[in-house]
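Q: This is the structure, below, for whatever I ask next.
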Amino acid sequence: MTQKKSILIVDDHPLFREGLKSVIGRDAQFEVIGEAGNGREGLRMAKKLKPDLVLVDISLPDQSGIQLTREIRGLLPETRILIVSMHSKIDYIAEAFQAGATGYVVKESASAGLLKGLEAISKGDYFLDRSVSRQVVKKLMDLPDREAKITDAAYGTLTPREQEVMRLLAEGLFTKEVAERLFISPKTVENHRTNIMNKLDLHSTIELIRYAARLGLIDVDLWKE
C-alpha cells in the first residue's frame, strides 16, 4: 500500500483550514498531519513534523507566507510548498516561486485546483493555477529581466530535444504528460529540465515561462482557463 503524503496547513483562518482539510480528505493519497495559524507556529511544526507538503497562505498575522516558504525550504529542502492565497498579482506569484514554492493556487478556485496542485507538486512537478496562468504569461512578456540578461544565443545551446521539452513545459504540461507526448520516461524529462534550467540560468518555472513567452515560443492562448 502506497504511503500517504503528509500535509501541514498554515493559514490564519480556522474556517478556511477546515475547508482545505475537507477537500484534501477526498483524496486517499494525502493526509493532513498538522495545522498552524501563523508563521512562527508553522515553522515550529514544520521542523517537528517534517511534512512532505505544506500549504501556506501569503498573508499571515506575524510574517509573510513568502518568507515562511523561504525558511521552510531552507530547513527542509525536500518539502514541497503550495501557496494558497487570495492574491493573484504577478509580483506575489513570481516572488513565491523565487522563494521556493512549487505551486500556487488562488483561494477563490482552491476547491477546484487544490487537489490538482497537490498531486502535481507531490510528483515533483510545478503547478500554477489555470485561473491566473494566462494573465501571468501576458504580464511576464512585458516585465524587465531581474536576473542576468538572457540572450537568444543561450537558447541555441539547447539540443533539439531540450528545446522541445522546454516548449512543452512552458505550455503548462506536467512531467508525465511531456513524457507521454515525446515517448520518453518522466526521469528523462526531469534530466532535460535540469539541463535546460542550467544552460539558460533559470531558477523557477515562472522564469522558464517568461523566457519562452519573450521568445515567442508559446501561444498565450493555450493558458485560457
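Every chain in the C-alpha cells has a letter given in the order shown (A, B, ...), and although residue numbers restart at 1 in each chain, ligands are simply numbered from 1 in the order shown.
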Could you pull the residues within 9 Å of A:Gly42, counting only C-alpha atoms, minus those fewer than 2 positions along the same chain, as a ChimeraX atom specification?
A: /A:8-11,35-40,44-47,56,68,72
Q: So which residues touch A:Asp129 within 7 Å, counting only C-alpha atoms, skipping near sequence neighbours fewer than 5 positions away, as a PyMOL selection string?
A: chain A and resi 104-106+113
Q: Using C-alpha atoms, can you write the selected residues to a file as a compact mmCIF listing (two decimals), in the first residue's frame?
A:
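Result went into out10.txt, see below:
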```txt
# COMPACT_ATOMS: atom_id res chain seq x y z
CA TYR A 104 0.35 28.43 -6.49
CA VAL A 105 -3.44 28.27 -6.12
CA VAL A 106 -5.81 31.22 -5.74
CA GLY A 113 -7.43 23.39 -8.14
```
Q: Please determine, counting only C-alpha atoms, which residue among A:Arg193, A:His87, A:Arg214, A:Arg70 has the shortest atom-to-atom distance to A:Tyr126.
A: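 Using only C-alpha atoms, A:Tyr126 sits closest to A:Arg193.
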Q: Identify which of the residues A:Asp62, A:Glu18, A:Lys187, A:Ile196 lies closest to A:Glu164, counting only C-alpha atoms when measuring atom-to-atom distances.
A: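 So, comparing all the options, the nearest one is A:Ile196.
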Q: Just the residues within 9 Å of A:Gly124, please, counting only C-alpha atoms, with nothing from its chain fewer than 4 positions along; format it as JSON, numbers by chain.
A: {"A": [80, 102, 119, 120, 175, 190]}
Q: Choose the residue, out of A:Asp201, A:Glu31, A:Glu41, A:Glu180, that has the smallest atom-to-atom separation from A:Leu53; count only C-alpha atoms.
A: A:Glu31
Q: What is the atom CA of A:Ala170-atom CA of A:Lys5 distance in Å, reported with one decimal?
A: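 Computing it gives 26.7 Å between the two atoms.
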Q: Could you go through stretch 4-224 of chain A and tell me which residues DSSP, when run on the backbone, assigns to strand (DSSP E), listing them as a list in words?
A: Lys5, Ser6, Ile7, Leu8, Ile9, Val10, Phe30, Glu31, Val32, Ile33, Gly34, Glu35, Ala36, Leu53, Val54, Leu55, Val56, Arg80, Ile81, Leu82, Ile83, Val84, Ser85, Gly103, Tyr104, Val105, Val106, Phe127 and Leu128 of chain A
Q: Just the residues within 8 Å of A:Val165, please, counting only C-alpha atoms, with nothing from its chain fewer than 3 positions along; format it as a list in words.
A: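 Close residues of A:Val165: Arg161, Glu162, Leu168, Leu169, Val178, Val189, His192 and Arg193 of chain A.
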Q: Once you have the residues from the selection above, write them out as a PDB file, in the first residue's frame, restricted to C-alpha atoms.
A:
```
ATOM      1  CA  ARG A 161      15.146  17.583 -27.694  1.00  0.00           C
ATOM      2  CA  GLU A 162      15.748  20.080 -24.879  1.00  0.00           C
ATOM      3  CA  LEU A 168       6.003  21.718 -23.625  1.00  0.00           C
ATOM      4  CA  LEU A 169       6.876  22.571 -20.022  1.00  0.00           C
ATOM      5  CA  VAL A 178       5.616  15.600 -21.571  1.00  0.00           C
ATOM      6  CA  VAL A 189      12.121  14.674 -18.882  1.00  0.00           C
ATOM      7  CA  HIS A 192      16.243  17.524 -19.686  1.00  0.00           C
ATOM      8  CA  ARG A 193      14.533  20.098 -17.453  1.00  0.00           C
TER       9      ARG A 193
END
```
Q: Please extract the residues of stretch 69-200 of chain A with a backbone DSSP assignment of alpha helix (DSSP H) and present them as a ChimeraX atom specification.
A: /A:69-75,90-99,110-122,130-140,152-155,160-170,175-182,186-200
Q: Would you please work out which residue, of A:Lys89, A:Arg167, A:Lys176, A:Arg181, is nearest to A:Leu208 when using only C-alpha atoms?
A: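 Using only C-alpha atoms, A:Leu208 sits closest to A:Arg167.
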Q: I'd like the neighbourhood of A:Ile83 as a list in words, where a residue qualifies if any of its atoms comes within 10 Å (using only C-alpha atoms), though same-chain residues fewer than 6 positions away should be ignored.
A: Val10, Val54, Leu55, Val56, Asp57, Ile58, Gly65, Ile66, Thr69, Ile93, Ala96, Phe97, Ala101, Thr102, Gly103, Tyr104, Val105, Val106, Lys107, Leu114, Gly117, Phe127 and Leu128 of chain A
